[in-house]
Every structure is written in C-alpha cells, then in structure tokens.
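Comments concern the structure below.
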Amino acid sequence: MLDNPQPPRIDESSFRYEGWRIVAVCFLLATFGWGLGFYGQSVYVAELQRAHGWSASLISSATTFFYLFGAVLVVFVGEAVRKYGPRFGLIAGTLAMSAAAVAIGAVREPWQLYLANAVLAFGWAGTSLALITNIISLWFDHKRGMAISLALNGASFGGIVGVPLLVTLIGHIGFANAMYAAAGAMLVLLVPVILLVVGRPPDLHGGRTAAKAKPQSSTEIRSWALRDVGFLTVTIAFALVLFAQVGFIVHLISFLDPVIGRERAAVAVAVLTAMAVVGRVLFSLVIDRLNQRLASALSFLSQAAALCAVINLHNDYVLIAACAVFGFSVGNLITLPSLIVQQEFDSASFGVLISLNTAINQVTYAFGPGVVGALRDWSGGYSLPFYLCIALEVAAAALIMMRGRPRAKTS
C-alpha cells in the first residue's frame with residue numbers, strides 16, 4: 001500500500017548525518033556564549049573594579065540583574081526557534097552576544113553597566129542552554145543526549161580556553177579593545193558557518209506531530225506544566241541542585257585558600273572543571289540508554305558526598321579528589337533535564353518546556369552565591385552554607401524520583 005508511505009529512517013549515529021555539523025556549530029556557539037556570558041563575569045568584575053574603582057556590590061548587583069533578566073528572556077526561546085527557525089535563532093544569538101561584548105567594553109558609568117548587562121542577557125538567552133537544546137532537538141531524537149553533551153563541551157571550552165585568552169588579550173591591548181576583538185572574532189567565525197551549515201531540519205516524526213488537530217499554544221503548555229507533578233519534580237530538583245552547585249563553585253577558592261593555599265586551590269578548581277568535561281564526554285556514550293531520573297539522583301548524591309569530604313577532610317589530595325568527584329557531574333546536570341523532558345513529555349512541547357525549565361533554574365541559581373556568602377558571613381565559616389548545599393542535593397535526589405502521572409506523547 002502506498003497511501004500512507006513511511007518517511008525514510010534517519011540514521012542519527014552515522015558520522016555523515018548533517019546533525020553532527022549542527023552539533024559542531026552549537027559547540028562553537030557555546031564556547032563564546034559561556035566564555036563571554038557566564039565565565040566572563042569574573043573577568044568583568046575584576047576589570048571594572050580596577051578601571052573605575054566601583055564597589056564589588058555595585059558590579060555584582062548588575063550581574064544578578066543579568067541573570068534574572070536573562071531568565072525572563074529564556075522562557076521564550078523555544079517558541080522563537082519554533083516560529084522563526086534555527087538559522088535565525090543562531091544568527092540572532094550571535095549578533096546579540098557580539099553587541100553585548102562591545103557594550104561591556106564601552107562601559108564608563110554605572111548606569112551603562114546595567115544597560116550592557118541587559119544586552120548581555122539577550123546574548124546569553126540566544127547562545128546558552130535553552131537555545132542549544134532547542135536547536136539540537138530539531139535534528140536528534142534517539143541520539144539527543146550524546147548530541148547535547150558534545151555540544152555543551154563548548155561551555156567548558158569557553159571557561160578553560162576562552163577566558164584565559166581574553167585575559168591575555170586584555171593584558172596586551174586593554175579591556176575595551178579586547179572586548180571589541182572578541183565580538184569581532186565571534187561574528188567572523190560564527191556567522192559564515194551558520195549561513196553555510198544550518199538549513200532546514202529533518203522531519204524526525206514523519207509529520208505526525210504537525211498533524212495534531214489543534215496544537216497547544218505556548219501559554220497553554222506553560223500553564224499545564226506548572227501544575228504537572230512530573231515537570232515540577234524535574235524543575236525543582238535541578239533548581240535546588242544548581243543553586244547549591246553554583247554557590248559552591250563561586251566560593252570554592254575562598255574556602256580552599258586558607259586551607260591548602262592559593263596555588264593548590266587553583267589546581268582544585270582546574271581539576272573540577274576538567275572533570276566536568278571528562279564526565280560529560282563519558283556520560284554522552286551511555287546517557288541515551290540510562291534511566292535519566294536515577295542517573296540524576298546518583299549524580300546529586302555523589303556531589304553531596306564530595307561536599308561532605310570537602311567540609312570534614314582537610315588533606316590537600318583528598319580535597320582535590322573531592323573536587324574531582326564533584327566536577328564529574330557538573331556538566332551533566334545541565335544536560336539531564338532536557339533528556340528527561342524529551343523522554344516523558346510530548347515532543348511538540350519540548351521547546352517550550354525546556355525553556356521554562358531553564359528559566360526557573362537560572363532564577364534560582366542566580367541567588368546561590370549570595371546566599372552562600374551571606375550564611376558564611378553570619379556563621380563565620382563555610383560549614384553551615386555547605387551543609388545547606390548538601391541538604392539541597394539530598395532533597396533533590398529524593399524529589400527527582402517522583403514521576404507523577406505519565407502523559408501520552410504524540411511523537
């Protein structure tokens with residue numbers, strides 16, 4: 001019978017599949033996105049303090065504004081990609097992040113810092129997790145976990161290589177010129193590649209999703225998701241863990257410096273970052289075959305155990321080993337939510353749901369460093385805030401195992 005022909009099967013595991021070129025584009029995008037938008041914040045704080053003598057609280061409040069405003073924008077990334085297409089989304093993100101780099105380099109007054117961070121929020125929304133997972137979901141279904149994991153290694157690459165390059169460039173040509181150069185490099189490298197490589201995504205589901213009589217609007221999907229137990233347990237669990245994770249990492253050198261010295265503290269942070277890459281690469285080989293919720297719970301508990309060792313064991317090598325254990329899960333905790341959403345919910349809702357999940361997580365972890373710092377000042381040490389992080393990790397491990405009622409998938 002030829003009345004209902006089946007679409008040709010897409011071999012996502014083939015090296016020649018066009019989706020892997022999209023992964024390479026997203027890797028490059030993540031390198032600049034995290035290098036300038038996430039890890040770059042520490043560079044901006046130091047340089048703006050040195051250049052203008054502004055207080056750390058002034059600059060940090062602008063950074064918090066960046067995260068919160070960015071979270072509002074991230075909510076709408078999924079529907080923007082669905083409406084305007086992946087090529088437009090990638091170009092828009094590249095242009096926004098380049099404009100943000102120029103704006104930050106041009107800051108001369110405090111009000112300009114807030115304006116530059118507003119532009120940076122647009123760039124972050126268009127180059128970070130929500131956009132990358134949405135783009136990759138258009139090309140991958142069965143190998144989505146591996147594809148997202150490999151693409152997000154660009155995030156770690158941005159921290160390991162991008163930030164040192166930026167710092168070196170600042171030393172040679174100054175802060176403003178270095179930011180202008182970074183913006184130019186991003187445009188030159190990414191725009192031609194996106195135009196050449198990114199085309200129309202394949203129909204992974206043979207048109208079945210599009211054939212629904214009346215697809216839900218984005219507003220309806222978000223309204224339903226915020227009442228669904230399965231979605232809420234995923235979102236709240238990862239929000240708690242990322243709050244703890246970001247709070248711990250930001251304060252790690254401050255904690256380790258008086259314990260093992262600045263040099264070994266820097267080694268511990270480098271090991272943590274490197275293990276994030278190792279963990280993401282190794283996980284990518286099996287992540288699509290795992291029970292995603294169980295893998296998440298075990299990752300949370302491994303971080304809690306590492307935090308216990310950090311608090312109670314002050315041997316140099318034990319502390320570095322604990323940071324390695326903690327780091328092994330760091331990269332995967334931004335990949336796993338999208339895989340759980342893909343596995344448990346309607347594919348037509350994926351973009352909206354993962355954008356909403358990412359936005360809620362970002363709002364939550366934006367307060368992590370501040371709360372950890374406030375508790376440290378109040379208690380006189382890091383034991384209390386780090387034990388709070390452990391409690392959040394354990395609570396999240398229990399919460400993530402609550403699935404709620406299964407919902408039929410159209411894909």
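Identifiers in this document derive from the order of the structure tokens: chains are assigned A, B, ..., residues are numbered from 1 separately in each chain, and ligands are numbered from 1 in order of occurrence.
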Distance table requested - region 152-224 of chain A against region 44-53 of chain A, cut-off 10 Å, only C-alpha atoms: one row per qualifying residue with the closest atom pair and its distance in Å to one decimal, ordered by chain and rising residue number, as a Markdown table.
| residue | atom | partner | partner_atom | distance |
| --- | --- | --- | --- | --- |
| A:Val167 | CA | A:Glu47 | CA | 9.7 |
| A:Ile170 | CA | A:Glu47 | CA | 9.1 |
| A:Gly174 | CA | A:Glu47 | CA | 9.7 |
| A:Phe175 | CA | A:Glu47 | CA | 7.1 |
| A:Ala176 | CA | A:Glu47 | CA | 9.9 |
Env of Val330 (chain A): 12 Å cut, atoms = only C-alpha atoms, seq-sep filter 6 positions within chain, self excluded. Answer as a VMD selection string.
chain A and resid 149 152 to 153 155 to 156 238 241 to 242 244 to 246 248 to 249 271 to 281 283 296 299 to 300 302 to 303 323 to 324 336
Please list as a PyMOL selection string every residue within 10 Å of Ala80 (chain A), counting only C-alpha atoms and excluding residues in the same chain fewer than 3 positions away.
chain A and resi 74-77+83-86+88-89+131+134+351-352
Can I get the selection written as an mmCIF file, in the first residue's frame, with N, CA, C and O atoms?
data_model
loop_
_atom_site.group_PDB
_atom_site.id
_atom_site.type_symbol
_atom_site.label_atom_id
_atom_site.label_comp_id
_atom_site.auth_asym_id
_atom_site.auth_seq_id
_atom_site.Cartn_x
_atom_site.Cartn_y
_atom_site.Cartn_z
ATOM 1 N N VAL A 74 14.791 33.770 28.488
ATOM 2 C CA VAL A 74 14.966 32.353 28.162
ATOM 3 C C VAL A 74 13.619 31.637 28.025
ATOM 4 O O VAL A 74 13.477 30.703 27.225
ATOM 5 N N VAL A 75 12.614 32.078 28.785
ATOM 6 C CA VAL A 75 11.293 31.449 28.727
ATOM 7 C C VAL A 75 10.763 31.388 27.297
ATOM 8 O O VAL A 75 10.088 30.428 26.906
ATOM 9 N N PHE A 76 11.099 32.376 26.488
ATOM 10 C CA PHE A 76 10.510 32.495 25.161
ATOM 11 C C PHE A 76 11.410 31.971 24.044
ATOM 12 O O PHE A 76 11.062 32.081 22.862
ATOM 13 N N VAL A 77 12.552 31.389 24.390
ATOM 14 C CA VAL A 77 13.487 30.905 23.377
ATOM 15 C C VAL A 77 12.871 29.791 22.538
ATOM 16 O O VAL A 77 12.991 29.774 21.301
ATOM 17 N N LYS A 83 9.049 29.477 15.787
ATOM 18 C CA LYS A 83 8.408 30.434 14.882
ATOM 19 C C LYS A 83 9.342 30.905 13.770
ATOM 20 O O LYS A 83 8.937 31.008 12.603
ATOM 21 N N TYR A 84 10.593 31.199 14.114
ATOM 22 C CA TYR A 84 11.499 31.822 13.148
ATOM 23 C C TYR A 84 12.537 30.864 12.564
ATOM 24 O O TYR A 84 13.214 31.208 11.592
ATOM 25 N N GLY A 85 12.705 29.679 13.165
ATOM 26 C CA GLY A 85 13.632 28.702 12.618
ATOM 27 C C GLY A 85 14.996 28.734 13.274
ATOM 28 O O GLY A 85 15.386 29.723 13.902
ATOM 29 N N PRO A 86 15.760 27.637 13.142
ATOM 30 C CA PRO A 86 17.054 27.520 13.822
ATOM 31 C C PRO A 86 18.111 28.479 13.307
ATOM 32 O O PRO A 86 18.911 29.006 14.081
ATOM 33 N N PHE A 88 17.780 31.519 12.046
ATOM 34 C CA PHE A 88 17.527 32.853 12.592
ATOM 35 C C PHE A 88 17.902 32.905 14.068
ATOM 36 O O PHE A 88 18.502 33.878 14.534
ATOM 37 N N GLY A 89 17.560 31.842 14.810
ATOM 38 C CA GLY A 89 17.875 31.812 16.246
ATOM 39 C C GLY A 89 19.365 31.888 16.501
ATOM 40 O O GLY A 89 19.825 32.631 17.386
ATOM 41 N N LEU A 131 18.641 27.663 23.973
ATOM 42 C CA LEU A 131 18.710 27.705 22.514
ATOM 43 C C LEU A 131 19.398 26.463 21.967
ATOM 44 O O LEU A 131 18.926 25.858 20.995
ATOM 45 N N ASN A 134 17.167 23.393 22.178
ATOM 46 C CA ASN A 134 16.080 23.522 21.213
ATOM 47 C C ASN A 134 16.556 23.251 19.790
ATOM 48 O O ASN A 134 15.882 22.556 19.023
ATOM 49 N N GLY A 351 10.336 22.334 23.213
ATOM 50 C CA GLY A 351 10.985 23.633 23.210
ATOM 51 C C GLY A 351 10.481 24.544 24.304
ATOM 52 O O GLY A 351 11.262 25.198 25.004
ATOM 53 N N VAL A 352 9.165 24.600 24.467
ATOM 54 C CA VAL A 352 8.575 25.471 25.491
ATOM 55 C C VAL A 352 8.932 24.971 26.890
ATOM 56 O O VAL A 352 9.282 25.756 27.778
#
Excluding region 379-384 of chain A and any residue of its chain fewer than 4 positions from it, enumerate the residues within 12 Å of it, using only C-alpha atoms, and give them as a ChimeraX atom specification.
/A:247-248,251-256,258-259,307-313,371-375,388-391
Work out how far CA of Ala151 (chain A) is from CA of Ala24 (chain A), in Å to one decimal.
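Taking CA of Ala24 (chain A) as the start and CA of Ala151 (chain A) as the end point, the length is 6.6 Å.
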What is the distance, in Å and to one decimal place, between CA of Ala305 (chain A) and CA of Glu393 (chain A)?
9.6 Å
Counting only C-alpha atoms, figure out which residue out of A:Gly370, A:Ser98, A:Met179, A:Gln343 gets nearest to Arg289 (chain A).
A:Gln343
Within 12 Å of Lys143 (chain A), counting only C-alpha atoms, which residues qualify if same-chain residues fewer than 3 places away don't, as number ranges by chain?
A: 10-14, 17, 19-20, 23, 136-140, 146-150, 204, 284-289, 339, 342-343
I need the chosen residues saved as an mmCIF file, in the first residue's frame, with N, CA and C atoms.
data_model
loop_
_atom_site.group_PDB
_atom_site.id
_atom_site.type_symbol
_atom_site.label_atom_id
_atom_site.label_comp_id
_atom_site.auth_asym_id
_atom_site.auth_seq_id
_atom_site.Cartn_x
_atom_site.Cartn_y
_atom_site.Cartn_z
ATOM 1 N N ILE A 10 15.998 8.030 9.643
ATOM 2 C CA ILE A 10 17.208 8.828 9.754
ATOM 3 C C ILE A 10 18.197 8.115 10.665
ATOM 4 N N ASP A 11 19.413 7.897 10.165
ATOM 5 C CA ASP A 11 20.445 7.234 10.947
ATOM 6 C C ASP A 11 21.253 8.292 11.689
ATOM 7 N N GLU A 12 20.834 8.585 12.919
ATOM 8 C CA GLU A 12 21.497 9.628 13.693
ATOM 9 C C GLU A 12 22.897 9.239 14.137
ATOM 10 N N SER A 13 23.212 7.950 14.111
ATOM 11 C CA SER A 13 24.538 7.504 14.550
ATOM 12 C C SER A 13 25.577 7.622 13.445
ATOM 13 N N SER A 14 25.155 7.858 12.210
ATOM 14 C CA SER A 14 26.093 7.961 11.100
ATOM 15 C C SER A 14 26.912 9.236 11.204
ATOM 16 N N TYR A 17 25.750 12.078 9.006
ATOM 17 C CA TYR A 17 24.456 12.726 9.247
ATOM 18 C C TYR A 17 24.662 14.223 9.495
ATOM 19 N N GLY A 19 23.196 16.313 11.213
ATOM 20 C CA GLY A 19 23.007 16.780 12.574
ATOM 21 C C GLY A 19 24.306 16.987 13.319
ATOM 22 N N TRP A 20 25.345 16.203 12.998
ATOM 23 C CA TRP A 20 26.618 16.352 13.712
ATOM 24 C C TRP A 20 27.314 17.654 13.340
ATOM 25 N N VAL A 23 25.817 20.067 15.658
ATOM 26 C CA VAL A 23 26.466 19.936 16.975
ATOM 27 C C VAL A 23 27.749 20.757 17.005
ATOM 28 N N ILE A 136 19.266 21.500 18.797
ATOM 29 C CA ILE A 136 19.679 20.104 18.622
ATOM 30 C C ILE A 136 18.479 19.170 18.596
ATOM 31 N N SER A 137 17.423 19.510 19.337
ATOM 32 C CA SER A 137 16.232 18.652 19.337
ATOM 33 C C SER A 137 15.572 18.574 17.963
ATOM 34 N N LEU A 138 15.851 19.540 17.088
ATOM 35 C CA LEU A 138 15.281 19.524 15.738
ATOM 36 C C LEU A 138 15.982 18.512 14.837
ATOM 37 N N TRP A 139 17.212 18.143 15.194
ATOM 38 C CA TRP A 139 17.982 17.193 14.374
ATOM 39 C C TRP A 139 18.141 15.821 15.032
ATOM 40 N N PHE A 140 17.927 15.736 16.348
ATOM 41 C CA PHE A 140 18.194 14.474 17.046
ATOM 42 C C PHE A 140 17.017 14.054 17.907
ATOM 43 N N MET A 146 23.622 12.327 23.570
ATOM 44 C CA MET A 146 25.014 12.432 23.135
ATOM 45 C C MET A 146 25.256 13.756 22.418
ATOM 46 N N ALA A 147 24.320 14.140 21.550
ATOM 47 C CA ALA A 147 24.499 15.373 20.780
ATOM 48 C C ALA A 147 24.562 16.596 21.695
ATOM 49 N N ILE A 148 23.652 16.677 22.653
ATOM 50 C CA ILE A 148 23.646 17.816 23.575
ATOM 51 C C ILE A 148 24.911 17.815 24.432
ATOM 52 N N SER A 149 25.313 16.652 24.917
ATOM 53 C CA SER A 149 26.517 16.563 25.749
ATOM 54 C C SER A 149 27.751 17.047 24.998
ATOM 55 N N LEU A 150 27.896 16.608 23.748
ATOM 56 C CA LEU A 150 29.068 17.017 22.967
ATOM 57 C C LEU A 150 29.027 18.505 22.654
ATOM 58 N N LEU A 204 11.675 14.533 12.002
ATOM 59 C CA LEU A 204 12.041 13.350 12.783
ATOM 60 C C LEU A 204 10.863 12.424 13.046
ATOM 61 N N SER A 284 28.111 10.909 27.714
ATOM 62 C CA SER A 284 27.461 11.008 26.406
ATOM 63 C C SER A 284 27.403 9.665 25.681
ATOM 64 N N LEU A 285 28.335 8.767 26.008
ATOM 65 C CA LEU A 285 28.381 7.468 25.339
ATOM 66 C C LEU A 285 27.241 6.554 25.775
ATOM 67 N N VAL A 286 26.698 6.775 26.970
ATOM 68 C CA VAL A 286 25.667 5.879 27.502
ATOM 69 C C VAL A 286 24.407 6.593 27.936
ATOM 70 N N ILE A 287 24.400 7.919 27.895
ATOM 71 C CA ILE A 287 23.336 8.692 28.528
ATOM 72 C C ILE A 287 21.960 8.409 27.935
ATOM 73 N N ASP A 288 21.917 8.086 26.638
ATOM 74 C CA ASP A 288 20.622 7.832 25.998
ATOM 75 C C ASP A 288 20.034 6.482 26.384
ATOM 76 N N ARG A 289 20.827 5.623 27.027
ATOM 77 C CA ARG A 289 20.350 4.292 27.409
ATOM 78 C C ARG A 289 20.083 4.168 28.907
ATOM 79 N N LEU A 339 16.866 15.785 28.664
ATOM 80 C CA LEU A 339 16.644 14.381 28.302
ATOM 81 C C LEU A 339 15.417 13.812 29.012
ATOM 82 N N GLN A 342 12.440 15.267 27.224
ATOM 83 C CA GLN A 342 12.240 14.566 25.952
ATOM 84 C C GLN A 342 11.602 13.205 26.168
ATOM 85 N N GLN A 343 12.057 12.494 27.200
ATOM 86 C CA GLN A 343 11.627 11.129 27.440
ATOM 87 C C GLN A 343 10.198 11.053 27.944
#
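The space separating CA of Ser55 (chain A) from CA of Pro369 (chain A) comes to 16.9 Å.
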Contacts between region 185-194 of chain A and region 9-128 of chain A, please, where a residue of region 9-128 of chain A counts if it comes within 10 Å (with only C-alpha atoms); show its shortest atom pair and distance in Å to one decimal, rows by chain and ascending number, as JSON lines.
{"residue": "A:Arg21", "atom": "CA", "partner": "A:Val193", "partner_atom": "CA", "distance": 9.9}
{"residue": "A:Ile22", "atom": "CA", "partner": "A:Ile194", "partner_atom": "CA", "distance": 8.7}
{"residue": "A:Ala24", "atom": "CA", "partner": "A:Val193", "partner_atom": "CA", "distance": 9.8}
{"residue": "A:Val25", "atom": "CA", "partner": "A:Ile194", "partner_atom": "CA", "distance": 7.0}
{"residue": "A:Cys26", "atom": "CA", "partner": "A:Ile194", "partner_atom": "CA", "distance": 9.5}
{"residue": "A:Leu28", "atom": "CA", "partner": "A:Leu190", "partner_atom": "CA", "distance": 7.4}
{"residue": "A:Leu29", "atom": "CA", "partner": "A:Leu190", "partner_atom": "CA", "distance": 7.3}
{"residue": "A:Thr31", "atom": "CA", "partner": "A:Met186", "partner_atom": "CA", "distance": 9.7}
{"residue": "A:Phe32", "atom": "CA", "partner": "A:Met186", "partner_atom": "CA", "distance": 6.9}
{"residue": "A:Gly33", "atom": "CA", "partner": "A:Met186", "partner_atom": "CA", "distance": 9.6}
{"residue": "A:Pro86", "atom": "CA", "partner": "A:Ile194", "partner_atom": "CA", "distance": 9.5}
{"residue": "A:Arg87", "atom": "CA", "partner": "A:Ile194", "partner_atom": "CA", "distance": 6.7}
{"residue": "A:Phe88", "atom": "CA", "partner": "A:Ile194", "partner_atom": "CA", "distance": 9.3}
{"residue": "A:Leu90", "atom": "CA", "partner": "A:Ile194", "partner_atom": "CA", "distance": 7.2}
{"residue": "A:Ile91", "atom": "CA", "partner": "A:Val191", "partner_atom": "CA", "distance": 6.4}
{"residue": "A:Ala92", "atom": "CA", "partner": "A:Val191", "partner_atom": "CA", "distance": 9.8}
{"residue": "A:Thr94", "atom": "CA", "partner": "A:Leu187", "partner_atom": "CA", "distance": 6.8}
{"residue": "A:Leu95", "atom": "CA", "partner": "A:Leu187", "partner_atom": "CA", "distance": 7.2}
{"residue": "A:Met97", "atom": "CA", "partner": "A:Met186", "partner_atom": "CA", "distance": 8.5}
{"residue": "A:Ser98", "atom": "CA", "partner": "A:Met186", "partner_atom": "CA", "distance": 6.6}
{"residue": "A:Ala99", "atom": "CA", "partner": "A:Leu187", "partner_atom": "CA", "distance": 9.9}
{"residue": "A:Ala101", "atom": "CA", "partner": "A:Met186", "partner_atom": "CA", "distance": 9.8}
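Distance annotation: of A:Asn361, A:Gly37, A:Leu196, A:Gly158, the residue with the minimal separation from Val119 (chain A) is A:Gly37; atom set is only C-alpha atoms.
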Hey, which of A:Leu36, A:Ala268, A:Ala237, A:Val107 ends up closest to Ala396 (chain A)? Count only C-alpha atoms.
A:Ala237
Ala103 (chain A): which residues within 9 Å, counting only C-alpha atoms, same-chain residues fewer than 5 positions away excluded, as a PyMOL selection string?
chain A and resi 98+112-113+115-117+119-120+179-180
Selected residues written out with N, CA, C and O atoms, as a PDB file, in the first residue's frame:
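Result written to part04.pdb:
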ATOM      1  N   SER A  98      27.615  39.425  20.494  1.00  0.00           N
ATOM      2  CA  SER A  98      28.662  40.315  19.988  1.00  0.00           C
ATOM      3  C   SER A  98      28.382  41.757  20.400  1.00  0.00           C
ATOM      4  O   SER A  98      29.291  42.485  20.824  1.00  0.00           O
ATOM      5  N   GLN A 112      25.508  52.567  32.621  1.00  0.00           N
ATOM      6  CA  GLN A 112      25.861  51.873  31.390  1.00  0.00           C
ATOM      7  C   GLN A 112      26.139  50.390  31.641  1.00  0.00           C
ATOM      8  O   GLN A 112      25.917  49.554  30.767  1.00  0.00           O
ATOM      9  N   LEU A 113      26.612  50.082  32.853  1.00  0.00           N
ATOM     10  CA  LEU A 113      26.858  48.680  33.203  1.00  0.00           C
ATOM     11  C   LEU A 113      25.555  47.892  33.214  1.00  0.00           C
ATOM     12  O   LEU A 113      25.500  46.755  32.720  1.00  0.00           O
ATOM     13  N   LEU A 115      22.837  48.681  31.528  1.00  0.00           N
ATOM     14  CA  LEU A 115      22.390  48.598  30.142  1.00  0.00           C
ATOM     15  C   LEU A 115      23.157  47.514  29.391  1.00  0.00           C
ATOM     16  O   LEU A 115      22.569  46.726  28.643  1.00  0.00           O
ATOM     17  N   ALA A 116      24.473  47.453  29.608  1.00  0.00           N
ATOM     18  CA  ALA A 116      25.293  46.433  28.954  1.00  0.00           C
ATOM     19  C   ALA A 116      24.892  45.034  29.402  1.00  0.00           C
ATOM     20  O   ALA A 116      24.849  44.092  28.596  1.00  0.00           O
ATOM     21  N   ASN A 117      24.555  44.876  30.689  1.00  0.00           N
ATOM     22  CA  ASN A 117      24.116  43.573  31.175  1.00  0.00           C
ATOM     23  C   ASN A 117      22.742  43.201  30.639  1.00  0.00           C
ATOM     24  O   ASN A 117      22.433  42.013  30.491  1.00  0.00           O
ATOM     25  N   VAL A 119      21.796  43.952  27.551  1.00  0.00           N
ATOM     26  CA  VAL A 119      22.144  43.436  26.218  1.00  0.00           C
ATOM     27  C   VAL A 119      22.763  42.047  26.348  1.00  0.00           C
ATOM     28  O   VAL A 119      22.483  41.135  25.560  1.00  0.00           O
ATOM     29  N   LEU A 120      23.614  41.869  27.372  1.00  0.00           N
ATOM     30  CA  LEU A 120      24.243  40.568  27.604  1.00  0.00           C
ATOM     31  C   LEU A 120      23.195  39.492  27.897  1.00  0.00           C
ATOM     32  O   LEU A 120      23.364  38.328  27.511  1.00  0.00           O
ATOM     33  N   MET A 179      37.481  43.360  24.362  1.00  0.00           N
ATOM     34  CA  MET A 179      36.067  43.029  24.194  1.00  0.00           C
ATOM     35  C   MET A 179      35.620  43.266  22.756  1.00  0.00           C
ATOM     36  O   MET A 179      34.846  42.470  22.199  1.00  0.00           O
ATOM     37  N   TYR A 180      36.111  44.340  22.140  1.00  0.00           N
ATOM     38  CA  TYR A 180      35.763  44.590  20.734  1.00  0.00           C
ATOM     39  C   TYR A 180      36.331  43.475  19.848  1.00  0.00           C
ATOM     40  O   TYR A 180      35.669  43.023  18.898  1.00  0.00           O
TER      41      TYR A 180
END
Shortest interatomic distance to His314 (chain A) - which of A:Gly70, A:Gly261, A:Gly331, A:Pro337, counting only C-alpha atoms
A:Gly261
